[in-house]
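What's in model24.cif: mmCIF, C-alpha atoms
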```cif
data_final
#
loop_
_atom_site.group_PDB
_atom_site.id
_atom_site.type_symbol
_atom_site.label_atom_id
_atom_site.label_comp_id
_atom_site.auth_asym_id
_atom_site.auth_seq_id
_atom_site.Cartn_x
_atom_site.Cartn_y
_atom_site.Cartn_z
ATOM 1 C CA MET A 804 55.845 92.535 103.435
ATOM 2 C CA ILE A 805 59.638 92.883 103.655
ATOM 3 C CA VAL A 806 61.107 96.381 103.970
ATOM 4 C CA ILE A 807 64.676 97.014 102.786
ATOM 5 C CA THR A 808 66.606 100.036 104.033
ATOM 6 C CA ALA A 809 69.696 101.343 102.189
ATOM 7 C CA PRO A 810 68.680 99.476 98.990
ATOM 8 C CA THR A 811 71.236 101.241 96.786
ATOM 9 C CA GLY A 812 74.238 100.547 99.038
ATOM 10 C CA ASN A 813 76.865 97.844 98.685
ATOM 11 C CA ILE A 814 74.878 95.223 100.604
ATOM 12 C CA GLY A 815 71.367 96.534 99.994
ATOM 13 C CA ARG A 816 71.502 96.497 96.205
ATOM 14 C CA ARG A 817 72.646 92.873 96.207
ATOM 15 C CA LEU A 818 69.949 91.971 98.719
ATOM 16 C CA LEU A 819 67.287 93.747 96.670
ATOM 17 C CA SER A 820 68.344 91.844 93.555
ATOM 18 C CA LEU A 821 68.056 88.517 95.408
ATOM 19 C CA LEU A 822 64.687 89.320 96.978
ATOM 20 C CA VAL A 823 63.078 90.664 93.808
ATOM 21 C CA GLU A 824 63.663 87.224 92.300
ATOM 22 C CA ALA A 825 62.824 85.116 95.374
ATOM 23 C CA ALA A 826 60.052 87.019 97.175
ATOM 24 C CA PRO A 827 57.105 86.265 94.840
ATOM 25 C CA ALA A 828 57.505 82.500 95.335
ATOM 26 C CA HIS A 829 57.318 83.103 99.102
ATOM 27 C CA GLY A 830 54.236 85.312 98.817
ATOM 28 C CA GLU A 831 56.214 88.351 99.943
ATOM 29 C CA GLU A 832 55.868 91.928 98.762
ATOM 30 C CA LEU A 833 58.832 94.288 98.895
ATOM 31 C CA ARG A 834 59.103 97.893 100.017
ATOM 32 C CA VAL A 835 62.269 99.995 99.955
ATOM 33 C CA VAL A 836 63.230 103.165 101.808
ATOM 34 C CA VAL A 837 65.456 105.356 99.642
ATOM 35 C CA ARG A 838 66.450 109.014 99.554
ATOM 36 C CA ASP A 839 66.647 109.129 95.757
ATOM 37 C CA PRO A 840 64.397 106.658 93.914
ATOM 38 C CA ALA A 841 66.246 107.417 90.675
ATOM 39 C CA ARG A 842 69.196 105.436 92.071
ATOM 40 C CA LEU A 843 67.139 102.231 92.102
ATOM 41 C CA PRO A 844 67.799 99.933 89.139
ATOM 42 C CA GLU A 845 65.171 100.468 86.466
ATOM 43 C CA ALA A 846 64.427 96.757 86.369
ATOM 44 C CA VAL A 847 63.188 96.714 89.972
ATOM 45 C CA ARG A 848 61.331 100.034 90.243
ATOM 46 C CA GLY A 849 58.034 98.597 89.098
ATOM 47 C CA ARG A 850 58.376 95.544 91.340
ATOM 48 C CA VAL A 851 58.727 97.247 94.740
ATOM 49 C CA GLN A 852 56.879 99.830 96.769
ATOM 50 C CA VAL A 853 59.010 102.931 97.293
ATOM 51 C CA VAL A 854 59.046 105.150 100.389
ATOM 52 C CA THR A 855 61.152 108.244 99.695
ATOM 53 C CA GLY A 856 63.240 109.656 102.538
ATOM 54 C CA SER A 857 65.884 108.799 105.117
ATOM 55 C CA HIS A 858 65.317 105.756 107.304
ATOM 56 C CA GLY A 859 66.750 107.800 110.177
ATOM 57 C CA ASP A 860 63.720 110.109 109.951
ATOM 58 C CA ALA A 861 60.751 109.355 112.231
ATOM 59 C CA ALA A 862 58.034 110.313 109.724
ATOM 60 C CA THR A 863 59.683 108.234 106.984
ATOM 61 C CA VAL A 864 59.952 105.053 109.058
ATOM 62 C CA GLU A 865 56.372 105.500 110.285
ATOM 63 C CA ARG A 866 55.270 105.232 106.646
ATOM 64 C CA ALA A 867 57.779 102.543 105.756
ATOM 65 C CA PHE A 868 57.097 100.102 108.594
ATOM 66 C CA ALA A 869 53.286 100.229 108.559
ATOM 67 C CA GLY A 870 52.177 96.683 107.690
ATOM 68 C CA ALA A 871 55.748 95.374 107.605
ATOM 69 C CA ASP A 872 56.423 91.785 108.694
ATOM 70 C CA ALA A 873 60.204 91.919 108.346
ATOM 71 C CA VAL A 874 62.785 94.680 107.971
ATOM 72 C CA PHE A 875 66.384 94.742 106.780
ATOM 73 C CA TRP A 876 68.178 97.396 108.848
ATOM 74 C CA LEU A 877 71.485 98.993 107.898
ATOM 75 C CA VAL A 878 72.892 102.186 109.405
ATOM 76 C CA PRO A 879 74.788 104.239 106.795
ATOM 77 C CA PRO A 880 77.709 105.614 108.869
ATOM 78 C CA ASP A 881 77.775 109.408 108.870
ATOM 79 C CA ALA A 882 81.307 110.616 109.582
ATOM 80 C CA SER A 883 80.066 114.139 110.298
ATOM 81 C CA LEU A 884 78.509 112.901 113.583
ATOM 82 C CA THR A 885 79.741 111.271 116.779
ATOM 83 C CA PRO A 886 79.526 107.449 116.768
ATOM 84 C CA GLU A 887 76.581 107.511 119.199
ATOM 85 C CA GLU A 888 74.676 109.996 117.020
ATOM 86 C CA ALA A 889 75.575 108.160 113.816
ATOM 87 C CA TYR A 890 74.477 104.732 115.066
ATOM 88 C CA SER A 891 72.025 104.749 118.000
ATOM 89 C CA GLY A 892 70.777 108.272 117.282
ATOM 90 C CA PHE A 893 69.964 107.263 113.707
ATOM 91 C CA THR A 894 68.240 104.043 114.835
ATOM 92 C CA ARG A 895 66.020 105.306 117.687
ATOM 93 C CA PRO A 896 63.097 106.444 115.457
ATOM 94 C CA ALA A 897 63.111 103.042 113.737
ATOM 95 C CA ALA A 898 63.157 101.142 117.049
ATOM 96 C CA ARG A 899 60.078 103.090 118.157
ATOM 97 C CA ALA A 900 58.384 102.368 114.818
ATOM 98 C CA PHE A 901 59.197 98.630 115.041
ATOM 99 C CA ALA A 902 57.289 98.516 118.331
ATOM 100 C CA ALA A 903 54.450 100.804 117.240
ATOM 101 C CA HIS A 904 53.721 98.809 114.077
ATOM 102 C CA GLY A 905 54.273 95.351 115.524
ATOM 103 C CA VAL A 906 57.066 94.460 113.097
ATOM 104 C CA GLY A 907 57.780 90.768 113.602
ATOM 105 C CA ARG A 908 61.399 90.310 112.556
ATOM 106 C CA VAL A 909 64.399 92.521 111.892
ATOM 107 C CA VAL A 910 67.705 91.512 110.311
ATOM 108 C CA GLY A 911 70.473 94.054 110.953
ATOM 109 C CA VAL A 912 73.999 94.572 109.683
ATOM 110 C CA SER A 913 76.338 94.528 112.680
ATOM 111 C CA ALA A 914 79.853 93.469 113.598
ATOM 112 C CA LEU A 915 81.832 90.740 115.273
ATOM 113 C CA GLY A 916 83.146 91.305 118.775
ATOM 114 C CA ARG A 917 80.282 90.857 121.233
ATOM 115 C CA GLY A 918 81.533 89.092 124.353
ATOM 116 C CA THR A 919 85.213 89.766 123.646
ATOM 117 C CA PRO A 920 87.440 91.791 126.000
ATOM 118 C CA GLN A 921 87.651 94.489 123.306
ATOM 119 C CA ALA A 922 83.890 94.925 122.776
ATOM 120 C CA GLY A 923 83.471 97.911 125.085
ATOM 121 C CA ARG A 924 86.343 99.914 123.623
ATOM 122 C CA ALA A 925 86.056 99.130 119.929
ATOM 123 C CA GLY A 926 84.823 102.486 118.669
ATOM 124 C CA LEU A 927 82.433 102.074 115.739
ATOM 125 C CA VAL A 928 81.963 98.390 116.547
ATOM 126 C CA THR A 929 80.930 99.282 120.110
ATOM 127 C CA ALA A 930 78.457 101.758 118.598
ATOM 128 C CA SER A 931 77.140 99.074 116.244
ATOM 129 C CA LEU A 932 76.644 96.578 119.083
ATOM 130 C CA ALA A 933 74.660 99.256 120.952
ATOM 131 C CA VAL A 934 72.327 99.440 117.937
ATOM 132 C CA ASP A 935 71.739 95.682 118.248
ATOM 133 C CA ASP A 936 70.717 96.157 121.885
ATOM 134 C CA LEU A 937 68.445 99.070 120.978
ATOM 135 C CA ILE A 938 66.628 97.019 118.334
ATOM 136 C CA ALA A 939 66.399 93.934 120.556
ATOM 137 C CA ASP A 940 64.858 96.066 123.328
ATOM 138 C CA SER A 941 62.053 97.112 120.945
ATOM 139 C CA GLY A 942 60.532 93.618 121.298
ATOM 140 C CA VAL A 943 61.101 92.345 117.747
ATOM 141 C CA ALA A 944 62.701 89.032 116.905
ATOM 142 C CA TYR A 945 66.176 90.093 115.815
ATOM 143 C CA ARG A 946 69.157 88.629 114.026
ATOM 144 C CA ALA A 947 72.352 90.687 113.969
ATOM 145 C CA LEU A 948 74.629 89.784 111.077
ATOM 146 C CA ALA A 949 77.995 89.812 112.855
ATOM 147 C CA ASN A 950 80.476 90.748 110.152
ATOM 148 C CA PRO A 951 84.252 91.136 109.996
ATOM 149 C CA SER A 952 85.938 93.546 107.583
ATOM 150 C CA PHE A 953 84.725 93.397 103.969
ATOM 151 C CA PHE A 954 86.796 92.369 100.948
ATOM 152 C CA GLU A 955 85.228 95.409 99.263
ATOM 153 C CA ASN A 956 87.216 97.778 101.496
ATOM 154 C CA LEU A 957 90.186 96.932 99.266
ATOM 155 C CA LEU A 958 88.479 98.607 96.293
ATOM 156 C CA GLU A 959 89.517 101.916 97.869
ATOM 157 C CA GLU A 960 93.110 100.754 97.296
ATOM 158 C CA ALA A 961 92.658 100.044 93.561
ATOM 159 C CA ASP A 962 94.611 103.133 92.448
ATOM 160 C CA SER A 963 97.470 102.431 94.858
ATOM 161 C CA ILE A 964 97.605 98.782 93.817
ATOM 162 C CA ARG A 965 97.741 99.741 90.145
ATOM 163 C CA GLU A 966 100.217 102.592 90.491
ATOM 164 C CA ASN A 967 102.465 101.371 93.306
ATOM 165 C CA GLY A 968 101.672 97.702 93.892
ATOM 166 C CA VAL A 969 100.845 98.591 97.506
ATOM 167 C CA PHE A 970 97.821 98.459 99.808
ATOM 168 C CA THR A 971 97.745 99.827 103.351
ATOM 169 C CA ASP A 972 95.968 99.125 106.626
ATOM 170 C CA THR A 973 96.793 99.306 110.322
ATOM 171 C CA ALA A 974 96.804 95.570 111.167
ATOM 172 C CA ALA A 975 99.933 93.557 111.885
ATOM 173 C CA ALA A 976 101.132 92.030 108.631
ATOM 174 C CA ASP A 977 100.971 88.451 109.897
ATOM 175 C CA ARG A 978 97.738 88.638 111.952
ATOM 176 C CA PRO A 979 95.057 86.407 110.375
ATOM 177 C CA ALA A 980 91.427 87.514 110.715
ATOM 178 C CA PRO A 981 88.125 86.652 109.058
ATOM 179 C CA MET A 982 87.022 88.691 106.032
ATOM 180 C CA VAL A 983 83.843 88.505 103.981
ATOM 181 C CA ALA A 984 82.372 89.482 100.620
ATOM 182 C CA VAL A 985 79.315 91.727 100.804
ATOM 183 C CA ALA A 986 77.502 89.344 98.451
ATOM 184 C CA ASP A 987 77.638 86.692 101.191
ATOM 185 C CA ILE A 988 76.182 89.117 103.742
ATOM 186 C CA ALA A 989 73.324 89.886 101.333
ATOM 187 C CA ALA A 990 72.679 86.177 100.723
ATOM 188 C CA THR A 991 72.558 85.464 104.462
ATOM 189 C CA ALA A 992 70.185 88.393 105.005
ATOM 190 C CA ALA A 993 67.907 87.217 102.204
ATOM 191 C CA GLY A 994 67.644 83.744 103.698
ATOM 192 C CA LEU A 995 66.675 85.132 107.112
ATOM 193 C CA LEU A 996 64.173 87.652 105.737
ATOM 194 C CA LEU A 997 62.344 84.941 103.784
ATOM 195 C CA ASP A 998 62.273 82.588 106.779
ATOM 196 C CA ARG A 999 59.360 83.125 109.186
ATOM 197 C CA SER A 1000 60.348 80.346 111.604
ATOM 198 C CA TRP A 1001 62.948 82.046 113.806
ATOM 199 C CA THR A 1002 62.217 83.880 117.028
ATOM 200 C CA GLY A 1003 64.099 85.620 119.833
ATOM 201 C CA VAL A 1004 67.341 87.559 119.603
ATOM 202 C CA ASP A 1005 70.651 86.202 118.337
ATOM 203 C CA SER A 1006 73.655 87.035 116.189
ATOM 204 C CA VAL A 1007 74.636 85.240 112.987
ATOM 205 C CA PRO A 1008 78.378 85.374 112.245
ATOM 206 C CA VAL A 1009 79.175 85.783 108.543
ATOM 207 C CA LEU A 1010 82.868 84.971 108.474
ATOM 208 C CA GLY A 1011 83.896 84.158 104.926
ATOM 209 C CA PRO A 1012 85.666 80.855 104.239
ATOM 210 C CA GLN A 1013 89.029 81.450 105.962
ATOM 211 C CA ASP A 1014 91.072 83.791 108.138
ATOM 212 C CA LEU A 1015 93.607 85.844 106.178
ATOM 213 C CA SER A 1016 96.485 88.095 107.212
ATOM 214 C CA PRO A 1017 97.495 91.176 105.199
ATOM 215 C CA ASN A 1018 100.482 89.178 103.940
ATOM 216 C CA ASP A 1019 98.077 86.441 102.785
ATOM 217 C CA LEU A 1020 96.014 89.063 100.965
ATOM 218 C CA ALA A 1021 99.126 90.420 99.246
ATOM 219 C CA ARG A 1022 100.171 86.935 98.103
ATOM 220 C CA ILE A 1023 96.726 86.111 96.692
ATOM 221 C CA MET A 1024 96.339 89.510 95.033
ATOM 222 C CA SER A 1025 99.758 89.139 93.396
ATOM 223 C CA ALA A 1026 98.734 85.780 91.938
ATOM 224 C CA GLU A 1027 95.296 86.891 90.759
ATOM 225 C CA LEU A 1028 96.369 90.268 89.353
ATOM 226 C CA GLY A 1029 99.541 88.955 87.735
ATOM 227 C CA ARG A 1030 101.653 91.688 89.313
ATOM 228 C CA PRO A 1031 103.482 92.001 92.637
ATOM 229 C CA VAL A 1032 101.397 93.494 95.443
ATOM 230 C CA ARG A 1033 102.772 94.156 98.924
ATOM 231 C CA TYR A 1034 101.292 95.275 102.219
ATOM 232 C CA GLN A 1035 102.387 98.479 103.928
ATOM 233 C CA ARG A 1036 101.367 98.920 107.538
ATOM 234 C CA GLU A 1037 100.129 102.369 108.548
ATOM 235 C CA SER A 1038 100.246 103.540 112.154
ATOM 236 C CA LEU A 1039 97.057 104.514 113.975
ATOM 237 C CA ASP A 1040 98.443 108.047 114.318
ATOM 238 C CA GLU A 1041 98.960 108.264 110.551
ATOM 239 C CA MET A 1042 95.435 107.023 109.980
ATOM 240 C CA ARG A 1043 94.017 109.532 112.467
ATOM 241 C CA SER A 1044 95.845 112.449 110.857
ATOM 242 C CA ALA A 1045 94.751 111.483 107.350
ATOM 243 C CA LEU A 1046 91.079 111.185 108.365
ATOM 244 C CA LEU A 1047 91.084 114.463 110.292
ATOM 245 C CA ALA A 1048 92.636 116.158 107.271
ATOM 246 C CA HIS A 1049 89.537 115.137 105.311
ATOM 247 C CA GLY A 1050 87.343 117.064 107.751
ATOM 248 C CA LEU A 1051 85.676 114.111 109.475
ATOM 249 C CA ASN A 1052 84.125 114.509 112.923
ATOM 250 C CA ALA A 1053 86.922 114.090 115.476
ATOM 251 C CA ALA A 1054 84.896 111.727 117.683
ATOM 252 C CA PHE A 1055 83.984 109.596 114.649
ATOM 253 C CA VAL A 1056 87.672 109.439 113.681
ATOM 254 C CA GLU A 1057 88.541 108.244 117.203
ATOM 255 C CA GLY A 1058 85.814 105.633 116.783
ATOM 256 C CA MET A 1059 87.523 104.379 113.635
ATOM 257 C CA VAL A 1060 90.944 104.379 115.322
ATOM 258 C CA ASP A 1061 89.582 102.497 118.351
ATOM 259 C CA MET A 1062 87.922 99.956 116.032
ATOM 260 C CA LYS A 1063 91.174 99.338 114.149
ATOM 261 C CA ARG A 1064 93.114 98.991 117.407
ATOM 262 C CA ALA A 1065 90.564 96.501 118.758
ATOM 263 C CA LYS A 1066 90.651 94.467 115.556
ATOM 264 C CA ASP A 1067 94.428 94.223 115.813
ATOM 265 C CA GLN A 1068 93.967 92.955 119.378
ATOM 266 C CA GLY A 1069 91.666 90.122 118.265
ATOM 267 C CA LEU A 1070 88.186 91.696 118.224
ATOM 268 C CA ASP A 1071 87.089 89.594 115.228
ATOM 269 C CA SER A 1072 88.525 86.306 116.511
ATOM 270 C CA GLY A 1073 85.998 85.529 119.244
ATOM 271 C CA VAL A 1074 83.696 83.310 117.175
ATOM 272 C CA ALA A 1075 84.370 79.696 116.223
ATOM 273 C CA ARG A 1076 84.081 79.092 112.503
ATOM 274 C CA SER A 1077 81.104 76.975 111.419
ATOM 275 C CA PRO A 1078 79.294 76.372 108.098
ATOM 276 C CA GLN A 1079 78.078 79.730 106.822
ATOM 277 C CA ALA A 1080 74.385 80.388 106.336
ATOM 278 C CA GLY A 1081 73.191 81.288 102.859
ATOM 279 C CA PRO A 1082 72.812 79.576 99.502
ATOM 280 C CA GLY A 1083 76.030 78.033 98.307
ATOM 281 C CA PRO A 1084 79.594 78.253 99.585
ATOM 282 C CA ALA A 1085 81.118 81.450 100.939
ATOM 283 C CA THR A 1086 83.089 83.563 98.456
ATOM 284 C CA GLY A 1087 86.832 82.943 98.661
ATOM 285 C CA PHE A 1088 89.281 85.836 98.440
ATOM 286 C CA ALA A 1089 90.934 84.571 95.243
ATOM 287 C CA GLN A 1090 87.508 84.300 93.613
ATOM 288 C CA TRP A 1091 86.606 87.810 94.765
ATOM 289 C CA CYS A 1092 89.900 89.186 93.428
ATOM 290 C CA ALA A 1093 89.276 87.648 90.018
ATOM 291 C CA GLN A 1094 85.666 88.782 89.802
ATOM 292 C CA THR A 1095 85.769 92.196 91.506
ATOM 293 C CA LEU A 1096 89.206 93.577 92.344
ATOM 294 C CA LYS A 1097 90.949 92.731 89.066
ATOM 295 C CA PRO A 1098 88.316 94.506 86.899
ATOM 296 C CA ALA A 1099 88.507 97.533 89.223
ATOM 297 C CA VAL A 1100 92.313 97.716 88.986
ATOM 298 C CA LEU A 1101 92.211 97.224 85.214
ATOM 299 C CA ALA A 1102 89.457 99.830 84.876
ATOM 300 C CA THR A 1103 91.541 102.461 86.640
ATOM 301 C CA SER A 1104 94.516 101.493 84.510
ATOM 302 C CA GLU A 1105 92.525 101.743 81.279
ATOM 303 C CA ALA A 1106 91.051 105.069 82.346
ATOM 304 C CA VAL A 1107 94.534 106.511 82.868
ATOM 305 C CA ASP A 1108 95.776 105.083 79.561
ATOM 306 C CA ALA A 1109 92.813 106.604 77.740
ATOM 307 C CA HIS A 1110 93.388 109.964 79.396
#
```
As structure tokens, the full file:
Amino acid sequence: MIVITAPTGNIGRRLLSLLVEAAPAHGEELRVVVRDPARLPEAVRGRVQVVTGSHGDAATVERAFAGADAVFWLVPPDASLTPEEAYSGFTRPAARAFAAHGVGRVVGVSALGRGTPQAGRAGLVTASLAVDDLIADSGVAYRALANPSFFENLLEEADSIRENGVFTDTAAADRPAPMVAVADIAATAAGLLLDRSWTGVDSVPVLGPQDLSPNDLARIMSAELGRPVRYQRESLDEMRSALLAHGLNAAFVEGMVDMKRAKDQGLDSGVARSPQAGPGPATGFAQWCAQTLKPAVLATSEAVDAH
């Protein structure tokens, strides 16, 4: 029995799709924990057990983890809380349930940075690494998927790219760093969840195929979209002000600012690149632009034209 949390999210829905196809051949049943079962794809509803509720709720995880051999764990960040509440506070009921039900293996979505000088002052990443320690202390075998920033974060810039040919971030324009497609994170998670041979506690870096600077991203986007795209650096103060204006928890906003500062100081560069786990090669940024970003930019453009 494999339990999938956050099965309708960016990573979880891709993971669920992979496991629905692969699990029967491995003799695995699937169970999902979801607040709103109606958000599950119709095609999979009859092929999984469904536990309705939040996986941050003690009663829900008690039901969900009974009889579970492996669990996929993802904390959905809640910007109305402090980082400690949003990450470790959310995870504590699950860690108790892992131990109470003798769950064998857990695969969690985490972040790069452990062991770097920035790890203790990296805001949301520091909070995420604390979740890894909390789960490891429950006694399960654990693999933390240590991820850099996602390509998919750029989808939030689709309107700006279409209208102004600009995307923004806080990193230095020429600083290269690893980036990854969420599909590759899901594929790595699926491989680990179907594998019963691993033990102990470790992290698995999921780095994508190459390090890219914002200027590299702009160059590749320009080529793939067929229009000029440039990078505009935003200051941490500008980022802080914009997030606070949206009503986010002030401590959570500081956690985001501290994370961005740490990334610009090399937080994600502490792991040597090696062949990535998962079926097939890692998704390149040009490929992701063609398959995912370009349709999103064109969709916003077509929507405006139609309006």
Next on the checklist: Assuming the chain letters and numbering stay as they are in my file, what does the PyMOL selection byres ((chain A and resi 821-836) around 6) actually select? List them as a ChimeraX atom specification.
Outcome noted: /A:804-808,818-820,837,851-855
Item to check | Selection result for the PyMOL selection byres ((chain A and resi 865) around 12) on this file, as JSON, numbers by chain | outcome: {"A": [836, 854, 855, 856, 857, 858, 859, 860, 861, 862, 863, 864, 866, 867, 868, 869, 870, 871, 896, 897, 898, 899, 900, 901, 902, 903, 904, 905, 906]}
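When atom CA of A:Ser913 is paired with atom CA of A:Ser1000, their separation reads 21.4 Å.
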Checklist entry - So what does the PyMOL selection byres ((chain A and resi 1060-1069) around 9) actually pick up in this one, as number ranges by chain? => result A: 916, 919-922, 924-929, 972-975, 978, 980, 1039-1040, 1042-1043, 1055-1059, 1070-1073
Checklist outcome for this item: A straight line from atom CA of A:Val1009 to atom CA of A:Gly923 spans 21.0 Å
List every residue of stretch 954-1005 of chain A that has an atom at most 8 Å from any atom of stretch 1092-1101 of chain A, and for each one report the closest atom pair and its distance in Å to one decimal, counting all atoms listed in the file, with rows sorted by chain and then by increasing residue number, as a tab-separated table.
```
residue	atom	partner	partner_atom	distance
A:Leu957	CA	A:Leu1096	CA	7.8
A:Leu958	CA	A:Leu1096	CA	6.4
A:Ala961	CA	A:Val1100	CA	5.1
A:Asp962	CA	A:Val1100	CA	6.8
A:Ile964	CA	A:Val1100	CA	7.2
A:Arg965	CA	A:Val1100	CA	5.9
```
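In terms of minimum interatomic distance to A:Val878, A:Val912 ranks closest within A:Val1004, A:Val912, A:Ala1089, A:Ala1102, counting all atoms listed in the file.
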Checklist entry - Out of A:Ala986, A:Ala949, A:Ile938, A:Ala846, which residue has the shortest atom-to-atom distance to A:Ala1085 when counting only C-alpha atoms? => result A:Ala986
Item to check | Residue nearest A:Ser1006 - candidates A:Ala882, A:Val934, A:Leu1020, A:Ala947, atoms counted: all atoms listed in the file | outcome: A:Ala947
Next on the checklist: Residues proximal to (73.3, 98.2, 102.9) were defined as those with any atom within 10 Å of that point in the file's coordinates, counting only C-alpha atoms. Which are they, as a PyMOL selection string?
Outcome noted: chain A and resi 807-819+875-879+911-912+985+988-989
For the selection you just gave me, I'd like the residues written to a file as a PDB file, in the coordinates of the input, keeping C-alpha atoms.
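What landed in again05.pdb:
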```
ATOM      1  CA  ILE A 807      64.676  97.014 102.786  1.00  0.00           C
ATOM      2  CA  THR A 808      66.606 100.036 104.033  1.00  0.00           C
ATOM      3  CA  ALA A 809      69.696 101.343 102.189  1.00  0.00           C
ATOM      4  CA  PRO A 810      68.680  99.476  98.990  1.00  0.00           C
ATOM      5  CA  THR A 811      71.236 101.241  96.786  1.00  0.00           C
ATOM      6  CA  GLY A 812      74.238 100.547  99.038  1.00  0.00           C
ATOM      7  CA  ASN A 813      76.865  97.844  98.685  1.00  0.00           C
ATOM      8  CA  ILE A 814      74.878  95.223 100.604  1.00  0.00           C
ATOM      9  CA  GLY A 815      71.367  96.534  99.994  1.00  0.00           C
ATOM     10  CA  ARG A 816      71.502  96.497  96.205  1.00  0.00           C
ATOM     11  CA  ARG A 817      72.646  92.873  96.207  1.00  0.00           C
ATOM     12  CA  LEU A 818      69.949  91.971  98.719  1.00  0.00           C
ATOM     13  CA  LEU A 819      67.287  93.747  96.670  1.00  0.00           C
ATOM     14  CA  PHE A 875      66.384  94.742 106.780  1.00  0.00           C
ATOM     15  CA  TRP A 876      68.178  97.396 108.848  1.00  0.00           C
ATOM     16  CA  LEU A 877      71.485  98.993 107.898  1.00  0.00           C
ATOM     17  CA  VAL A 878      72.892 102.186 109.405  1.00  0.00           C
ATOM     18  CA  PRO A 879      74.788 104.239 106.795  1.00  0.00           C
ATOM     19  CA  GLY A 911      70.473  94.054 110.953  1.00  0.00           C
ATOM     20  CA  VAL A 912      73.999  94.572 109.683  1.00  0.00           C
ATOM     21  CA  VAL A 985      79.315  91.727 100.804  1.00  0.00           C
ATOM     22  CA  ILE A 988      76.182  89.117 103.742  1.00  0.00           C
ATOM     23  CA  ALA A 989      73.324  89.886 101.333  1.00  0.00           C
TER      24      ALA A 989
END
```
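Between A:Ala914 and the candidates A:Glu955, A:Glu888, A:Pro1008, A:Arg850, the tightest atom-to-atom separation, counting only C-alpha atoms, involves A:Pro1008.
Here atom CA of A:Val969 stands at a distance of 23.3 Å from atom CA of A:Thr1086.
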Item to check | Within-12 Å shell of (93.0, 86.7, 100.6) in input frame, all atoms listed in the file, as a count of residues only | outcome: 37
Checklist outcome for this item: Closest of A:Gly968, A:Leu937, A:Leu1028, A:Ala976 to A:Glu887, counting only C-alpha atoms, is A:Leu937
